[in-house]
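Structure first, then comments.
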Amino acid sequence: MLNVYCIPGMGVNERIYKNLQLNNCNIFYINWLTPLKKETLQEYALRLTEKIDTAQPFALIGVSFGGMCCIEIAKKFNPVKTFLVSSCKTEAEVPQKMKMWRRFTLYKNLSDSVYIGAAIFAQKQFGVVSKEHSQRFEQMLNTAPVNYFKGAVHCLLTWKNQEVPKNVVHIHGTSDQVLPHKKIVNCNYTIKDGTHFMIINRAEEINKIINKELENCLSL
């Protein structure tokens with residue numbers, strides 16, 4: 001069976017993949033490490049590969065920031081497929097409102113609690129609307145390693161990637177308010193009304209896409 005490694009969104013954990021159902025796959029979840037000082041996204045992503053058996057054929061699934069990490073891993077290790085869900089392939093797909101934060105050093109000095117509080121305050125923009133999902137969202141944010149957020153934000157804001165590796169499958173929702181669909185170039189699958197949180201609430205559609213893509217590539 002194919003090994004599939006799943007990287008969650010910024011600050012959340014493997015519970016974001018609660019509804020993921022893949023056929024004939026061994027699923028592994030990669031949890032976050034605390035970024036090192038001034039570490040780039042590329043350097044950080046390659047540290048995550050310590051948990052990946054790159055000697056065997058494998059696939060990657062990444063949500064949001066996790067998808068950007070998958071891109072950097074795929075550039076070096078050539079997985080059979082790299083699935084991005086609610087994510088970006090290159091710097092050009094990152095919205096300008098995020099890039100503006102590069103000009104300010106304040107983000108480097110904020111505590112984990114401030115980042116978690118801001119994410120909870122803005123949870124509707126992520127597509128978190130139900131009480132159950134809100135509770136799960138907050139619980140996941142609180143599992144991030146100590147001093148994780150400012151380093152992860154630094155990795156995101158300084159990401160300069162322009163290369164799209166082969167075998168990338170991009171799945172994005174039209175109602176994503178965090179990473180707007182209109183910025184995405186060559187989106188392979190568009191989920192109508194899908195939000196940034198659609199890995200949870202539109203999982204059935206996403207499962208079908210991933211299973212179909214994996215079945216096609218493994219049958220060649």
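Starting from 1 in every chain, residues are counted up; chains themselves are A, B, ... following the order of the structure tokens, and ligands are numbered from 1 as listed.
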So that I can see what lies close to Thr143 in chain A, please list as an mmCIF file with N, CA and C atoms, in the first residue's frame the residues with an atom at most 12 Å from it, counting only C-alpha atoms and leaving out residues fewer than 6 positions away in the same chain.
```cif
data_model
loop_
_atom_site.group_PDB
_atom_site.id
_atom_site.type_symbol
_atom_site.label_atom_id
_atom_site.label_comp_id
_atom_site.auth_asym_id
_atom_site.auth_seq_id
_atom_site.Cartn_x
_atom_site.Cartn_y
_atom_site.Cartn_z
ATOM 1 N N MET A 10 -1.592 25.641 9.506
ATOM 2 C CA MET A 10 -0.755 26.308 10.501
ATOM 3 C C MET A 10 -1.342 26.206 11.908
ATOM 4 N N GLY A 11 -0.591 25.581 12.797
ATOM 5 C CA GLY A 11 -0.955 25.550 14.196
ATOM 6 C C GLY A 11 -1.981 24.511 14.596
ATOM 7 N N VAL A 12 -2.598 23.827 13.623
ATOM 8 C CA VAL A 12 -3.553 22.785 13.974
ATOM 9 C C VAL A 12 -2.887 21.416 13.813
ATOM 10 N N ASN A 13 -3.594 20.364 14.220
ATOM 11 C CA ASN A 13 -2.962 19.046 14.203
ATOM 12 C C ASN A 13 -3.719 18.069 13.317
ATOM 13 N N GLU A 14 -3.424 16.781 13.475
ATOM 14 C CA GLU A 14 -3.977 15.763 12.584
ATOM 15 C C GLU A 14 -5.493 15.642 12.642
ATOM 16 N N ARG A 15 -6.129 16.228 13.656
ATOM 17 C CA ARG A 15 -7.589 16.146 13.734
ATOM 18 C C ARG A 15 -8.274 16.891 12.588
ATOM 19 N N ASN A 31 3.209 16.038 12.646
ATOM 20 C CA ASN A 31 2.922 17.128 13.577
ATOM 21 C C ASN A 31 4.000 18.204 13.480
ATOM 22 N N TRP A 32 3.635 19.399 13.884
ATOM 23 C CA TRP A 32 4.516 20.548 13.738
ATOM 24 C C TRP A 32 5.703 20.504 14.689
ATOM 25 N N LEU A 33 6.810 21.067 14.222
ATOM 26 C CA LEU A 33 7.980 21.347 15.041
ATOM 27 C C LEU A 33 8.035 22.857 15.281
ATOM 28 N N THR A 34 8.694 23.290 16.331
ATOM 29 C CA THR A 34 8.910 24.725 16.531
ATOM 30 C C THR A 34 9.958 25.205 15.526
ATOM 31 N N ASP A 112 2.298 33.214 21.405
ATOM 32 C CA ASP A 112 1.391 32.186 20.902
ATOM 33 C C ASP A 112 -0.056 32.525 21.228
ATOM 34 N N SER A 113 -0.301 33.006 22.436
ATOM 35 C CA SER A 113 -1.676 33.286 22.871
ATOM 36 C C SER A 113 -2.320 34.371 22.011
ATOM 37 N N ILE A 116 -3.214 32.680 18.665
ATOM 38 C CA ILE A 116 -4.361 31.793 18.846
ATOM 39 C C ILE A 116 -5.636 32.610 19.015
ATOM 40 N N ARG A 136 -13.461 22.406 18.175
ATOM 41 C CA ARG A 136 -12.373 21.588 17.636
ATOM 42 C C ARG A 136 -11.232 22.472 17.151
ATOM 43 N N PHE A 137 -11.583 23.572 16.496
ATOM 44 C CA PHE A 137 -10.596 24.510 15.979
ATOM 45 C C PHE A 137 -9.739 25.064 17.116
ATOM 46 N N PHE A 149 4.109 29.797 16.545
ATOM 47 C CA PHE A 149 3.394 30.655 15.601
ATOM 48 C C PHE A 149 4.248 31.749 14.976
#
```
Inset, instruction - Check the DSSP output for the backbone and give back, as a list in words, the residues of range 18-92 of chain A in helix (DSSP H, G or I). - result: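 Here is the list: Leu41, Gln42, Glu43, Tyr44, Ala45, Leu46, Arg47, Leu48, Thr49, Glu50, Lys51, Phe65, Gly66, Gly67, Met68, Cys69, Cys70, Ile71, Glu72, Ile73, Ala74, Lys75, Lys76, Phe77, Glu91 and Ala92 of chain A.
Residue-level DSSP output for range 54-191 of chain A, from the backbone, shows strand (DSSP E) at Phe58, Ala59, Leu60, Ile61, Gly62, Val63, Lys81, Thr82, Phe83, Leu84, Val85, Val168, Val169, His170, Ile171, His172, Gly173, Tyr189, Thr190 and Ile191 of chain A.
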Taking 5 positions as the minimum chain separation for residues in the same chain, which residues sit within 12 Å of Leu106 in chain A when counting only C-alpha atoms? Answer as a PDB file with N, CA and C atoms, in the first residue's frame.
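New file result.pdb:
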```pdb
ATOM      1  N   TRP A 101       2.431  42.275   5.649  1.00  0.00           N
ATOM      2  CA  TRP A 101       2.958  42.111   6.999  1.00  0.00           C
ATOM      3  C   TRP A 101       4.478  41.990   7.004  1.00  0.00           C
ATOM      4  N   SER A 111       3.081  36.761  21.027  1.00  0.00           N
ATOM      5  CA  SER A 111       3.099  35.471  21.720  1.00  0.00           C
ATOM      6  C   SER A 111       2.137  34.486  21.058  1.00  0.00           C
ATOM      7  N   VAL A 114      -1.526  35.340  21.565  1.00  0.00           N
ATOM      8  CA  VAL A 114      -2.064  36.400  20.707  1.00  0.00           C
ATOM      9  C   VAL A 114      -2.459  35.822  19.349  1.00  0.00           C
ATOM     10  N   TYR A 115      -1.593  34.980  18.784  1.00  0.00           N
ATOM     11  CA  TYR A 115      -1.908  34.362  17.493  1.00  0.00           C
ATOM     12  C   TYR A 115      -3.136  33.462  17.600  1.00  0.00           C
ATOM     13  N   LYS A 150       5.046  32.467  15.760  1.00  0.00           N
ATOM     14  CA  LYS A 150       5.811  33.561  15.153  1.00  0.00           C
ATOM     15  C   LYS A 150       6.830  33.035  14.154  1.00  0.00           C
ATOM     16  N   VAL A 153       4.790  31.969  10.985  1.00  0.00           N
ATOM     17  CA  VAL A 153       4.374  33.164  10.240  1.00  0.00           C
ATOM     18  C   VAL A 153       5.566  33.750   9.493  1.00  0.00           C
ATOM     19  N   HIS A 154       6.732  33.763  10.128  1.00  0.00           N
ATOM     20  CA  HIS A 154       7.942  34.242   9.451  1.00  0.00           C
ATOM     21  C   HIS A 154       8.238  33.395   8.204  1.00  0.00           C
TER      22      HIS A 154
END
```
Inset, instruction - Just the residues within 9 Å of His133 in chain A, please, counting only C-alpha atoms, with nothing from its chain fewer than 5 positions along; format it as a list in words. - result: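 The neighbour list is Val128, Glu138 and Ile200 of chain A.
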Please produce a file of those selected residues containing N, CA and C atoms, as a PDB file, in the first residue's frame.
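Result file selection32.pdb:
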```pdb
ATOM      1  N   VAL A 128     -15.129  28.329   9.756  1.00  0.00           N
ATOM      2  CA  VAL A 128     -15.552  27.643  10.980  1.00  0.00           C
ATOM      3  C   VAL A 128     -16.814  28.344  11.493  1.00  0.00           C
ATOM      4  N   GLU A 138     -10.378  25.509  18.183  1.00  0.00           N
ATOM      5  CA  GLU A 138      -9.650  26.061  19.328  1.00  0.00           C
ATOM      6  C   GLU A 138      -8.771  24.998  19.987  1.00  0.00           C
ATOM      7  N   ILE A 200     -12.648  19.645   6.417  1.00  0.00           N
ATOM      8  CA  ILE A 200     -13.550  19.105   7.434  1.00  0.00           C
ATOM      9  C   ILE A 200     -14.967  18.956   6.890  1.00  0.00           C
TER      10      ILE A 200
END
```
Legend entry - Neighbour list for Asp193 in chain A as a PyMOL selection string, cut-off 7 Å, only C-alpha atoms, skip fewer than 4 positions in-chain: chain A and resi 173-175
Inset, instruction - Name all residues at most 8 Å from Pro95 in chain A (count only C-alpha atoms; drop same-chain ones fewer than 5 positions away) and give them as number ranges by chain. - result: A: 179-180, 183
I need the chosen residues saved as a CSV table (one decimal), in the first residue's frame, with C-alpha atoms.
```csv
chain,number,residue,atom,x,y,z
A,179,LEU,CA,-6.4,32.3,0.4
A,180,PRO,CA,-8.9,33.5,-2.3
A,183,LYS,CA,-5.4,34.1,-6.9
```
Legend entry - Pick from A:Ala152, A:Lys97, A:Val164, A:Ile61 nearest to Ile16 in chain A, counting only C-alpha atoms: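 Under the stated criterion, the closest residue is A:Ile61.
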Legend entry - Selected residue, from A:Asn167, A:Ser130, A:Asn19, A:Thr90, that lies nearest to Glu213 in chain A when counting only C-alpha atoms: A:Asn167
Inset, instruction - Go ahead and compute the interatomic distance for CA of His196 in chain A and CA of Phe126 in chain A, in Å to one decimal. - result: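 Result for CA of His196 in chain A versus CA of Phe126 in chain A: 5.0 Å, one decimal.
Going from CA of Glu163 in chain A to CA of Asn3 in chain A covers 24.5 Å.
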Inset, instruction - Would you please work out which residue, of A:Arg103, A:Gln96, A:Thr82, A:Ile73, is nearest to Asn188 in chain A when using only C-alpha atoms? - result: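 Of all the options, A:Thr82 lies closest to Asn188 in chain A.
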Inset, instruction - Could you give me, as an MDAnalysis selection string, the residues within 8 Å of Cys187 in chain A, counting only C-alpha atoms and dropping anything in the same chain fewer than 5 positions from it? - result: chainID A and resid 169:172
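Residue nearest Ala119 in chain A within the list A:Cys69, A:Val178, A:Trp159, A:Thr49: A:Val178 [criterion: smallest interatomic distance, only C-alpha atoms].
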Legend entry - Best match for closeness to Ala203 in chain A among A:Ala45, A:Ile191, A:Ile30, A:Met100, counting only C-alpha atoms: A:Ile191
